[in-house]
Amino acid sequence: MEKALINNRDFVIFGLQPWDIAIGSNCKNIASEIALNNRVLYVNRPLDRINLLKNRKDSQTLNRIKSLKEGKDVLREAEPKLWVLNPRVVVESINFLPPGYLYRKLNRRNNRRLANEISRAAHSLNFRDPILLIDDDFFHGLYLKEYLQPSLFVYYIRDFLLSQQYFVRHGRRAEPLIIQKADAVAANSKYLADYAGNFNKNSVDIGQGCDVEDFLKKPSTVPADISGISYPIIGYCGSLTATRLDIQLVIFIAQKRPDWNIVLVGPQDEVFKNSDLHKMTNVFFLGSKNPSDLPAYTHAFDVCINPQLLNQMTVGNYPRKVDEYLAAGKPVVATKTAAMEMFAECTYLSINPQDYVNKIDQALSEAGDEEAECKRRDLARSHTWTQSVSKLYKLINETIFTHGKK
């Protein structure tokens with residue numbers, strides 16, 4: 001596949017994840033890849049009224065206030081050919097309103113005010129016929145196509161947000177509508193592409209990239225807080241949230257095999273903090289870690305697990321951590337979901353708690369299989385942002401050819 005199928009175009013990218021987000025971001029990775037061969041205006045979410053009033057100590061809010069009131073870092077070049085915009089506008093917080101005329105009127109006004117800021121920045125950069133890419137924000141982005149008049153509008157969907165209570169009230173109308181408006185829809189899993197296809201036939205799974213280089217090489221030292229835990233170690237790295245992970249499944253594994261040690265690395269929500277897992281002698285919570293330290297923990301595991309719950313939030317969610325596990329050459333046991341099917345050749349997919357135990361046992365018995373380790377690493381290495389964005393370019397070019405866009 002060619003590295004770049006689109007060159008010397010202008011892109012405006014806007015979505016839920018701002019440039020100064022503290023965690024990994026699909027949207028940022030895509031923007032950086034596009035900027036290798038094109039110019040990109042990356043638009044941060046505008047400051048809303050509630051955050052202005054209640055979260056004034058938050059670093060992102062402080063950054064937006066400085067731009068709004070002092071004109072600092074309104075438009076800056078964060079990477080070569082990639083500019084980040086902090087819109088100098090406060091939008092109204094309207095999600096509490098019931099669906100209807102008032103909400104739609106105020107949301108249009110929010111969209112129009114944001115569009116004016118984007119147009120001003122794009123004009124200052126001399127952008128011509130930009131391609132608009134919106135990442136998952138069906139509220140602030142709902143009317144941007146009308147106001148910005150881009151040469152092409154691509155909607156990017158990477159999560160089923162209607163599974164989260166905040167997005168349901170207005171999202172049930174807004175998400176199908178913005179998908180219908182898009183000239184093309186790019187999804188990071190087949191499940192989400194199929195979902196979007198109910199509203200827009202030009203919906204394509206472009207996969208996802210993952211930065212796995214740091215996981216490929218085994219670190220020379222083992223972290224101190226895991227070095228004293230006896231093997232075998234069954235491990236998980238990531239946020240420990242009860243809406244995504246199956247606590248009862250982890251309890252079952254720990255109870256069924258007390259000779260295994262379950263190591264969980266990452267921040268806990270309140271449900272995890274108050275769970276019976278903390279009463280179990282073979283379950284270890286090691287807390288949040290710097291992202292640069294995660295490869296060392298992953299390499300210390302004998303088997304990596306991804307004990308997801310099966311719900312609307314997780315069934316189509318691309319499991320980035322699985323790529324990281326595989327890059328380390330580790331056997332992976334994960335809940336069988338639509339998104340996990342693409343990993344089926346290199347992972348053990350489980351359908352119930354006892355199946356998890358059986359497959360972890362199988363994975364442990366096959367430890368040291370160098371051919372299997374190489375196969376896992378090769379699969380992880382194949383999931384690059386270059387590959388994903390090349391599929392996005394292909395979608396854009398085919399849409400331009402089919403619909404006669406600029």
# chains A, B, ... in the order shown; residues from 1 in each chain; ligands from 1
call {"tool": "select_by_dssp", "arguments": {"residues": "region 210-350 of chain A", "states": "strand (DSSP E or B)", "output": "JSON, numbers by chain"}}
result
{"A": [233, 234, 235, 236, 237, 240, 245, 261, 262, 263, 264, 265, 268, 283, 284, 285, 286, 287, 303, 304, 305, 306, 308, 332, 333, 334, 335, 348, 349, 350]}
call {"tool": "write_last_selection", "arguments": {"atoms": "C-alpha atoms", "output": "CSV table (one decimal), in the first residue's frame"}}
result
chain,number,residue,atom,x,y,z
A,233,ILE,CA,1.5,-13.6,36.3
A,234,ILE,CA,-1.7,-12.9,34.4
A,235,GLY,CA,-1.7,-9.2,33.7
A,236,TYR,CA,-3.8,-6.2,32.4
A,237,CYS,CA,-2.7,-2.7,31.7
A,240,LEU,CA,-9.9,-0.1,35.4
A,245,LEU,CA,-14.3,-4.5,32.3
A,261,ASN,CA,-1.3,-14.0,40.4
A,262,ILE,CA,-3.5,-11.4,38.7
A,263,VAL,CA,-1.7,-8.1,38.3
A,264,LEU,CA,-3.8,-5.0,37.3
A,265,VAL,CA,-1.9,-1.9,36.2
A,268,GLN,CA,-9.4,2.4,39.2
A,283,VAL,CA,-4.8,-10.0,43.0
A,284,PHE,CA,-2.4,-7.1,42.9
A,285,PHE,CA,-3.3,-3.5,42.0
A,286,LEU,CA,-0.2,-1.5,41.0
A,287,GLY,CA,-1.9,1.8,40.3
A,303,VAL,CA,-0.3,-13.9,29.8
A,304,CYS,CA,-2.1,-10.7,29.1
A,305,ILE,CA,-5.8,-10.4,29.4
A,306,ASN,CA,-8.5,-8.0,28.2
A,308,GLN,CA,-14.1,-6.8,28.6
A,332,VAL,CA,-3.4,-12.7,24.9
A,333,VAL,CA,-6.7,-14.0,26.2
A,334,ALA,CA,-9.6,-11.7,25.5
A,335,THR,CA,-13.4,-11.5,25.4
A,348,TYR,CA,-7.3,-16.7,22.5
A,349,LEU,CA,-10.9,-15.5,22.3
A,350,SER,CA,-13.1,-16.5,25.2
call {"tool": "residues_around", "arguments": {"residues": "region 51-65 of chain A", "least_positions_apart": "3", "cutoff": "10 Å", "atoms": "only C-alpha atoms", "output": "ChimeraX atom specification"}}
result
/A:18-22,44-48,68-74,85-91,93
call {"tool": "write_last_selection", "arguments": {"atoms": "N, CA and C atoms", "output": "PDB file, in the first residue's frame"}}
result
ATOM      1  N   PRO A  18      -9.088  17.041  22.226  1.00  0.00           N
ATOM      2  CA  PRO A  18      -8.260  18.217  21.941  1.00  0.00           C
ATOM      3  C   PRO A  18      -6.789  17.831  21.804  1.00  0.00           C
ATOM      4  N   TRP A  19      -5.998  18.730  21.259  1.00  0.00           N
ATOM      5  CA  TRP A  19      -4.578  18.448  21.054  1.00  0.00           C
ATOM      6  C   TRP A  19      -3.856  18.248  22.382  1.00  0.00           C
ATOM      7  N   ASP A  20      -4.295  18.928  23.439  1.00  0.00           N
ATOM      8  CA  ASP A  20      -3.611  18.825  24.733  1.00  0.00           C
ATOM      9  C   ASP A  20      -4.238  17.760  25.642  1.00  0.00           C
ATOM     10  N   ILE A  21      -4.892  16.763  25.056  1.00  0.00           N
ATOM     11  CA  ILE A  21      -5.442  15.667  25.848  1.00  0.00           C
ATOM     12  C   ILE A  21      -4.294  14.871  26.473  1.00  0.00           C
ATOM     13  N   ALA A  22      -4.530  14.362  27.682  1.00  0.00           N
ATOM     14  CA  ALA A  22      -3.444  13.689  28.432  1.00  0.00           C
ATOM     15  C   ALA A  22      -3.272  12.230  28.057  1.00  0.00           C
ATOM     16  N   ASN A  44      -9.240  22.563  18.459  1.00  0.00           N
ATOM     17  CA  ASN A  44      -9.608  22.106  19.793  1.00  0.00           C
ATOM     18  C   ASN A  44     -11.076  22.409  20.065  1.00  0.00           C
ATOM     19  N   ARG A  45     -11.676  21.633  20.932  1.00  0.00           N
ATOM     20  CA  ARG A  45     -13.061  21.897  21.315  1.00  0.00           C
ATOM     21  C   ARG A  45     -13.150  23.272  21.963  1.00  0.00           C
ATOM     22  N   PRO A  46     -14.177  24.038  21.640  1.00  0.00           N
ATOM     23  CA  PRO A  46     -14.306  25.369  22.243  1.00  0.00           C
ATOM     24  C   PRO A  46     -14.638  25.267  23.723  1.00  0.00           C
ATOM     25  N   LEU A  47     -14.289  26.283  24.452  1.00  0.00           N
ATOM     26  CA  LEU A  47     -14.609  26.343  25.880  1.00  0.00           C
ATOM     27  C   LEU A  47     -16.118  26.492  26.043  1.00  0.00           C
ATOM     28  N   ASP A  48     -16.709  25.667  26.899  1.00  0.00           N
ATOM     29  CA  ASP A  48     -18.152  25.796  27.131  1.00  0.00           C
ATOM     30  C   ASP A  48     -18.410  26.470  28.471  1.00  0.00           C
ATOM     31  N   LEU A  68      -8.652  32.901  25.008  1.00  0.00           N
ATOM     32  CA  LEU A  68      -9.869  33.698  24.914  1.00  0.00           C
ATOM     33  C   LEU A  68      -9.647  35.138  25.391  1.00  0.00           C
ATOM     34  N   LYS A  69      -8.995  35.283  26.551  1.00  0.00           N
ATOM     35  CA  LYS A  69      -8.878  36.602  27.165  1.00  0.00           C
ATOM     36  C   LYS A  69      -7.581  37.324  26.821  1.00  0.00           C
ATOM     37  N   GLU A  70      -6.500  36.555  26.621  1.00  0.00           N
ATOM     38  CA  GLU A  70      -5.193  37.178  26.407  1.00  0.00           C
ATOM     39  C   GLU A  70      -4.668  37.002  24.994  1.00  0.00           C
ATOM     40  N   GLY A  71      -5.349  36.199  24.207  1.00  0.00           N
ATOM     41  CA  GLY A  71      -4.907  35.970  22.836  1.00  0.00           C
ATOM     42  C   GLY A  71      -3.659  35.106  22.737  1.00  0.00           C
ATOM     43  N   LYS A  72      -3.385  34.285  23.772  1.00  0.00           N
ATOM     44  CA  LYS A  72      -2.186  33.445  23.762  1.00  0.00           C
ATOM     45  C   LYS A  72      -2.489  32.082  23.128  1.00  0.00           C
ATOM     46  N   ASP A  73      -1.573  31.651  22.266  1.00  0.00           N
ATOM     47  CA  ASP A  73      -1.668  30.321  21.635  1.00  0.00           C
ATOM     48  C   ASP A  73      -3.013  30.086  20.959  1.00  0.00           C
ATOM     49  N   VAL A  74      -3.562  31.129  20.364  1.00  0.00           N
ATOM     50  CA  VAL A  74      -4.817  30.955  19.631  1.00  0.00           C
ATOM     51  C   VAL A  74      -4.588  30.060  18.418  1.00  0.00           C
ATOM     52  N   LEU A  85      -5.704  25.198  16.708  1.00  0.00           N
ATOM     53  CA  LEU A  85      -6.532  26.378  16.965  1.00  0.00           C
ATOM     54  C   LEU A  85      -7.268  26.233  18.290  1.00  0.00           C
ATOM     55  N   ASN A  86      -7.125  27.239  19.150  1.00  0.00           N
ATOM     56  CA  ASN A  86      -7.983  27.388  20.315  1.00  0.00           C
ATOM     57  C   ASN A  86      -9.048  28.428  19.957  1.00  0.00           C
ATOM     58  N   PRO A  87     -10.266  28.011  19.663  1.00  0.00           N
ATOM     59  CA  PRO A  87     -11.289  28.984  19.259  1.00  0.00           C
ATOM     60  C   PRO A  87     -11.534  30.025  20.348  1.00  0.00           C
ATOM     61  N   ARG A  88     -11.544  31.283  19.966  1.00  0.00           N
ATOM     62  CA  ARG A  88     -11.784  32.375  20.927  1.00  0.00           C
ATOM     63  C   ARG A  88     -13.289  32.613  21.051  1.00  0.00           C
ATOM     64  N   VAL A  89     -13.954  31.604  21.600  1.00  0.00           N
ATOM     65  CA  VAL A  89     -15.404  31.682  21.742  1.00  0.00           C
ATOM     66  C   VAL A  89     -15.816  30.779  22.899  1.00  0.00           C
ATOM     67  N   VAL A  90     -16.858  31.179  23.614  1.00  0.00           N
ATOM     68  CA  VAL A  90     -17.460  30.344  24.648  1.00  0.00           C
ATOM     69  C   VAL A  90     -18.814  29.882  24.125  1.00  0.00           C
ATOM     70  N   VAL A  91     -19.001  28.568  24.063  1.00  0.00           N
ATOM     71  CA  VAL A  91     -20.282  28.038  23.599  1.00  0.00           C
ATOM     72  C   VAL A  91     -21.152  27.707  24.807  1.00  0.00           C
ATOM     73  N   SER A  93     -23.564  25.662  27.266  1.00  0.00           N
ATOM     74  CA  SER A  93     -23.734  24.283  27.715  1.00  0.00           C
ATOM     75  C   SER A  93     -25.228  23.968  27.694  1.00  0.00           C
TER      76      SER A  93
END
call {"tool": "atom_distance", "arguments": {"atom1": "CA of Glu79 (chain A)", "atom2": "CA of Asn38 (chain A)"}}
result
11.8 Å
call {"tool": "residues_around", "arguments": {"residues": "Tyr318 (chain A)", "least_positions_apart": "4", "cutoff": "9 Å", "atoms": "only C-alpha atoms", "output": "VMD selection string"}}
result
chain A and resid 158 to 159 188 to 189 207 to 208 314 322 339 to 340
call {"tool": "residues_around", "arguments": {"residues": "Leu106 (chain A)", "least_positions_apart": "4", "cutoff": "9 Å", "atoms": "only C-alpha atoms", "output": "list in words"}}
result
Glu92, Ile94, Tyr101, Leu102, Asn110 and Asn111 of chain A
